[in-house]
Amino acid sequence: MSTTPDNSPLVLTLDAGGTNFSFAALRDGRRVGEPVVLPAAAGNLDHSLANLFEGFTRVNEGAGGGASAISFAFPGPADYRRGVLYNVGNLPAYSGGVPLAEILSKKFGVPTLINNDGDLFALGEAAAGLLPEVNAKLEEGGGPRRYHNLIGLTLGTGFGGGIVLNGKLLQGDNSLTGEVWLLRHGFNPDVNAEEGVSIRAVTGAYAGVASDPNAGERTPQDIARIADGEIEGDAVAAKEAFAQLGHTLGDAVANLVTVLDGLVVVGGGLSKAHKLFMPALLEVVNGAFPSGRDRLVQQVYNLECPTDAAKFYEPPSPTEHAPQTGVGISRLGANDAVGIGAYTVAIDALRTSP
C-alpha cells in the first residue's frame, strides 16, 4: 500500500498476457491497493473489452478512485502513438486495427497511453533502476562522469528492447524503435538475432549436442543448473549453450552501443543466468574485427562483476580520455520496470497536457 500523498496522480496499469490481464493502480510509482487478475479472453473482443473495463474499474475503486490516466504495455504490432492495435498473435481479438486507447479514454474519461513492453522496461530502468543507481555511485565517487542514455534489452521467449535518450523514450516515426530481435544474427547471418537470444536458442543449442537423455526436455533453468553442477546433465554443452547466447547478445550490444552510446541493462527470465553468458558478451564487445580493429571505441564493463565495477566507477584522471560504458542486470525486475515505465509515461503526458 502506498503512503504517498493523496494528491499525487493515480495511474491505472495493465500487464497484458495472452491468458490473463493483471491490473494495478500506481501512485508516485508505488502500487496502491490490491491487483486484479481477469481472463484475457484472447479470442473474443467483446468479452476481452468487458474484462478490461471491469479490471480498470476495480483497481481504480480499490485505490480510492480518481484515476488521472491509464498507461500500459500491450503486444504489437501497433501504432502506439494512436493506441491502435494490429495483428496481435497471442491476443487475436485485437487484430485488424482496434483503437484501444480511444475506447478506454471514452469509457473512463482519462488519457490512455499504450506502449511496447520493451520500451517501458527501458524507461522504468532509466527512471528508477540501473541508470539512477549508476549515476548515484559515480557522484559518490566524486568523478565528473554521468550517463543519460540507456539501452534496455529483455531476454525470454523473444528478444526485446527499448531505448531512452536523455531521459526520453525514443519511439521512432513508426513506433518501431528498439525492435532488436530483427538485428542480424552476428554468427549466423541467415537468421535474425532472436534465434540466438531467446529461450529456444538456449534449449536448442543444448539439445543439439548434449549427451543427456533428457536434453530435449530441459528448460533454460535446468540448463543453467546443469552448467553450475547443481543437477546431472552435460555441463560442457550447458555452458556452451549460454556462451552462444552471450556471443550473439554481445554482437547485438556492440551494434547498439556503436549507434546509441549508452549504458545497457538486461532483464527478462534468461538474465538470471548472467554469470553464464556475460563473459562471452564481454569477449565480443571488447574484442576486435578479423582485421584487428577494435569492435568498439568504448571499453565495456560488467557491472555485476566486482572487479569490473570497481574499474568502471573509478574517477578518471583529469588528463585521461577513456570512453566507457557498462552492462548491468535489471535492478527492478522486468515486470516492475514495465510498470514504472508506464507510470512515467503517464506522468510526463499529464505534465505536458494543456
# chains A, B, ... in the order shown; residues from 1 in each chain; ligands from 1

$ select_by_dssp --residues "region 84-316 of chain A" --states "strand (DSSP E or B)" --output "number ranges by chain"
A: 84-85, 98, 112-115, 149-155, 159-165, 168-169, 184, 192, 263-267, 288, 294, 299-302

$ select_by_dssp --residues "region 66-268 of chain A" --states "alpha helix (DSSP H)" --output "MDAnalysis selection string"
chainID A and resid 100:108 117:128 130:140 199:209 220:227 235:260

$ closest_residue --among "A:Val180, A:Ala67, A:Val265, A:Ala309" --to "Ala252 (chain A)" --atoms "only C-alpha atoms"
A:Val180

$ closest_atom_pairs --of "region 163-224 of chain A" --to "region 143-157 of chain A" --cutoff "8 Å" --atoms "only C-alpha atoms" --output "CSV"
residue,atom,partner,partner_atom,distance
A:Ile163,CA,A:Ile151,CA,4.8
A:Val164,CA,A:Leu150,CA,5.1
A:Leu165,CA,A:Asn149,CA,4.5
A:Asn166,CA,A:His148,CA,4.9
A:Gly167,CA,A:His148,CA,6.4
A:Val197,CA,A:Leu155,CA,6.6
A:Ser198,CA,A:Gly156,CA,5.2
A:Ile199,CA,A:Thr157,CA,5.3
A:Arg200,CA,A:Thr157,CA,7.2

$ write_last_selection --atoms "N, CA, C and O atoms" --output "PDB file, in the first residue's frame"
ATOM      1  N   ILE A 163      14.812   2.017 -25.938  1.00  0.00           N
ATOM      2  CA  ILE A 163      15.914   2.981 -25.914  1.00  0.00           C
ATOM      3  C   ILE A 163      15.441   4.268 -25.245  1.00  0.00           C
ATOM      4  O   ILE A 163      14.399   4.829 -25.605  1.00  0.00           O
ATOM      5  N   VAL A 164      16.226   4.739 -24.287  1.00  0.00           N
ATOM      6  CA  VAL A 164      15.966   6.013 -23.626  1.00  0.00           C
ATOM      7  C   VAL A 164      17.158   6.924 -23.885  1.00  0.00           C
ATOM      8  O   VAL A 164      18.301   6.566 -23.570  1.00  0.00           O
ATOM      9  N   LEU A 165      16.906   8.082 -24.470  1.00  0.00           N
ATOM     10  CA  LEU A 165      17.941   9.066 -24.758  1.00  0.00           C
ATOM     11  C   LEU A 165      17.640  10.346 -23.992  1.00  0.00           C
ATOM     12  O   LEU A 165      16.560  10.915 -24.132  1.00  0.00           O
ATOM     13  N   ASN A 166      18.592  10.752 -23.165  1.00  0.00           N
ATOM     14  CA  ASN A 166      18.423  11.971 -22.365  1.00  0.00           C
ATOM     15  C   ASN A 166      17.108  11.968 -21.582  1.00  0.00           C
ATOM     16  O   ASN A 166      16.408  12.974 -21.508  1.00  0.00           O
ATOM     17  N   GLY A 167      16.785  10.816 -21.028  1.00  0.00           N
ATOM     18  CA  GLY A 167      15.611  10.693 -20.184  1.00  0.00           C
ATOM     19  C   GLY A 167      14.298  10.524 -20.911  1.00  0.00           C
ATOM     20  O   GLY A 167      13.258  10.368 -20.271  1.00  0.00           O
ATOM     21  N   VAL A 197      19.191 -15.386 -29.245  1.00  0.00           N
ATOM     22  CA  VAL A 197      18.989 -14.715 -27.955  1.00  0.00           C
ATOM     23  C   VAL A 197      17.545 -14.924 -27.536  1.00  0.00           C
ATOM     24  O   VAL A 197      16.692 -14.044 -27.688  1.00  0.00           O
ATOM     25  N   SER A 198      17.244 -16.098 -27.002  1.00  0.00           N
ATOM     26  CA  SER A 198      15.876 -16.442 -26.610  1.00  0.00           C
ATOM     27  C   SER A 198      15.907 -17.782 -25.901  1.00  0.00           C
ATOM     28  O   SER A 198      16.925 -18.490 -25.908  1.00  0.00           O
ATOM     29  N   ILE A 199      14.790 -18.127 -25.299  1.00  0.00           N
ATOM     30  CA  ILE A 199      14.691 -19.421 -24.634  1.00  0.00           C
ATOM     31  C   ILE A 199      14.949 -20.552 -25.619  1.00  0.00           C
ATOM     32  O   ILE A 199      15.701 -21.494 -25.329  1.00  0.00           O
ATOM     33  N   ARG A 200      14.346 -20.471 -26.807  1.00  0.00           N
ATOM     34  CA  ARG A 200      14.515 -21.556 -27.775  1.00  0.00           C
ATOM     35  C   ARG A 200      15.958 -21.658 -28.257  1.00  0.00           C
ATOM     36  O   ARG A 200      16.406 -22.749 -28.642  1.00  0.00           O
TER      37      ARG A 200
END

$ residues_around --residues "Ala310 (chain A)" --least-positions-apart "3" --cutoff "12 Å" --atoms "only C-alpha atoms" --output "PDB file with N, CA, C and O atoms, in the first residue's frame"
ATOM      1  N   VAL A 134      23.621   3.871 -11.134  1.00  0.00           N
ATOM      2  CA  VAL A 134      24.966   4.115 -11.654  1.00  0.00           C
ATOM      3  C   VAL A 134      25.378   5.567 -11.419  1.00  0.00           C
ATOM      4  O   VAL A 134      26.485   5.850 -10.945  1.00  0.00           O
ATOM      5  N   LYS A 137      26.246   6.304  -7.775  1.00  0.00           N
ATOM      6  CA  LYS A 137      27.558   5.780  -7.377  1.00  0.00           C
ATOM      7  C   LYS A 137      28.683   6.620  -7.972  1.00  0.00           C
ATOM      8  O   LYS A 137      29.712   6.850  -7.317  1.00  0.00           O
ATOM      9  N   LEU A 138      28.508   7.085  -9.193  1.00  0.00           N
ATOM     10  CA  LEU A 138      29.515   7.958  -9.797  1.00  0.00           C
ATOM     11  C   LEU A 138      29.627   9.265  -9.023  1.00  0.00           C
ATOM     12  O   LEU A 138      30.737   9.789  -8.811  1.00  0.00           O
ATOM     13  N   GLY A 141      31.509   8.780  -5.873  1.00  0.00           N
ATOM     14  CA  GLY A 141      32.939   8.641  -6.106  1.00  0.00           C
ATOM     15  C   GLY A 141      33.645   9.943  -6.430  1.00  0.00           C
ATOM     16  O   GLY A 141      34.886   9.983  -6.478  1.00  0.00           O
ATOM     17  N   TYR A 301      32.228  -2.545 -19.439  1.00  0.00           N
ATOM     18  CA  TYR A 301      32.453  -3.228 -18.167  1.00  0.00           C
ATOM     19  C   TYR A 301      31.199  -3.984 -17.737  1.00  0.00           C
ATOM     20  O   TYR A 301      30.068  -3.545 -17.972  1.00  0.00           O
ATOM     21  N   ASN A 302      31.428  -5.111 -17.067  1.00  0.00           N
ATOM     22  CA  ASN A 302      30.349  -5.904 -16.498  1.00  0.00           C
ATOM     23  C   ASN A 302      30.045  -5.354 -15.110  1.00  0.00           C
ATOM     24  O   ASN A 302      30.820  -5.558 -14.172  1.00  0.00           O
ATOM     25  N   LEU A 303      28.932  -4.676 -14.952  1.00  0.00           N
ATOM     26  CA  LEU A 303      28.606  -4.045 -13.686  1.00  0.00           C
ATOM     27  C   LEU A 303      28.209  -5.037 -12.607  1.00  0.00           C
ATOM     28  O   LEU A 303      28.065  -4.658 -11.441  1.00  0.00           O
ATOM     29  N   GLU A 304      28.053  -6.315 -12.970  1.00  0.00           N
ATOM     30  CA  GLU A 304      27.747  -7.350 -11.978  1.00  0.00           C
ATOM     31  C   GLU A 304      29.014  -8.013 -11.445  1.00  0.00           C
ATOM     32  O   GLU A 304      28.943  -8.818 -10.523  1.00  0.00           O
ATOM     33  N   CYS A 305      30.150  -7.677 -12.019  1.00  0.00           N
ATOM     34  CA  CYS A 305      31.441  -8.225 -11.596  1.00  0.00           C
ATOM     35  C   CYS A 305      32.130  -7.193 -10.700  1.00  0.00           C
ATOM     36  O   CYS A 305      32.400  -6.075 -11.149  1.00  0.00           O
ATOM     37  N   PRO A 306      32.427  -7.508  -9.445  1.00  0.00           N
ATOM     38  CA  PRO A 306      33.022  -6.516  -8.540  1.00  0.00           C
ATOM     39  C   PRO A 306      34.314  -5.892  -9.075  1.00  0.00           C
ATOM     40  O   PRO A 306      34.519  -4.677  -8.926  1.00  0.00           O
ATOM     41  N   THR A 307      35.141  -6.684  -9.729  1.00  0.00           N
ATOM     42  CA  THR A 307      36.395  -6.142 -10.258  1.00  0.00           C
ATOM     43  C   THR A 307      36.123  -5.159 -11.383  1.00  0.00           C
ATOM     44  O   THR A 307      36.693  -4.057 -11.422  1.00  0.00           O
ATOM     45  N   TYR A 313      33.703   2.524 -11.884  1.00  0.00           N
ATOM     46  CA  TYR A 313      33.342   3.645 -11.016  1.00  0.00           C
ATOM     47  C   TYR A 313      34.548   4.487 -10.585  1.00  0.00           C
ATOM     48  O   TYR A 313      34.372   5.535  -9.970  1.00  0.00           O
ATOM     49  N   GLU A 314      35.744   4.041 -10.894  1.00  0.00           N
ATOM     50  CA  GLU A 314      36.934   4.812 -10.522  1.00  0.00           C
ATOM     51  C   GLU A 314      36.987   6.120 -11.316  1.00  0.00           C
ATOM     52  O   GLU A 314      36.911   6.107 -12.547  1.00  0.00           O
ATOM     53  N   PRO A 315      37.101   7.255 -10.642  1.00  0.00           N
ATOM     54  CA  PRO A 315      37.139   8.529 -11.375  1.00  0.00           C
ATOM     55  C   PRO A 315      38.346   8.592 -12.311  1.00  0.00           C
ATOM     56  O   PRO A 315      39.445   8.189 -11.935  1.00  0.00           O
ATOM     57  N   GLY A 326      28.818   0.458 -19.492  1.00  0.00           N
ATOM     58  CA  GLY A 326      28.653  -0.744 -18.700  1.00  0.00           C
ATOM     59  C   GLY A 326      27.403  -1.502 -19.082  1.00  0.00           C
ATOM     60  O   GLY A 326      26.446  -0.941 -19.628  1.00  0.00           O
TER      61      GLY A 326
END

$ residues_around --residues "Asp336 (chain A)" --least-positions-apart "4" --cutoff "9 Å" --atoms "only C-alpha atoms" --output "list in words"
Phe121, Gly124, Leu332, Ile340 and Gly341 of chain A

$ write_last_selection --atoms "C-alpha atoms" --output "PDB file, in the first residue's frame"
ATOM      1  CA  PHE A 121      11.137  -1.731 -19.474  1.00  0.00           C
ATOM      2  CA  GLY A 124      11.438   2.097 -15.965  1.00  0.00           C
ATOM      3  CA  LEU A 332      13.699  -3.639 -10.756  1.00  0.00           C
ATOM      4  CA  ILE A 340       7.317   2.077 -13.549  1.00  0.00           C
ATOM      5  CA  GLY A 341       7.848   2.873 -17.227  1.00  0.00           C
TER       6      GLY A 341
END

$ closest_residue --among "A:Ala238, A:Ala349, A:Arg295, A:Pro279" --to "Thr112 (chain A)" --atoms "only C-alpha atoms"
A:Ala349

$ residues_around --residues "Ala205 (chain A)" --least-positions-apart "6" --cutoff "9 Å" --atoms "only C-alpha atoms" --output "list in words"
Gly196, Ala237, Ala238, Glu240, Ala241, Phe242 and Gln244 of chain A

$ residues_around --residues "Asp234 (chain A)" --least-positions-apart "6" --cutoff "7 Å" --atoms "only C-alpha atoms" --output "mmCIF file with N, CA and C atoms, in the first residue's frame"
data_model
loop_
_atom_site.group_PDB
_atom_site.id
_atom_site.type_symbol
_atom_site.label_atom_id
_atom_site.label_comp_id
_atom_site.auth_asym_id
_atom_site.auth_seq_id
_atom_site.Cartn_x
_atom_site.Cartn_y
_atom_site.Cartn_z
ATOM 1 N N ALA A 210 24.096 -32.121 -26.587
ATOM 2 C CA ALA A 210 24.287 -32.670 -25.247
ATOM 3 C C ALA A 210 24.183 -34.188 -25.226
ATOM 4 N N SER A 211 25.074 -34.805 -24.470
ATOM 5 C CA SER A 211 24.984 -36.241 -24.207
ATOM 6 C C SER A 211 24.147 -36.423 -22.943
ATOM 7 N N ASP A 212 22.874 -36.111 -23.091
ATOM 8 C CA ASP A 212 21.936 -36.096 -21.978
ATOM 9 C C ASP A 212 20.643 -36.708 -22.496
ATOM 10 N N ILE A 226 22.534 -27.274 -14.643
ATOM 11 C CA ILE A 226 23.500 -28.268 -15.123
ATOM 12 C C ILE A 226 24.871 -27.625 -15.280
#
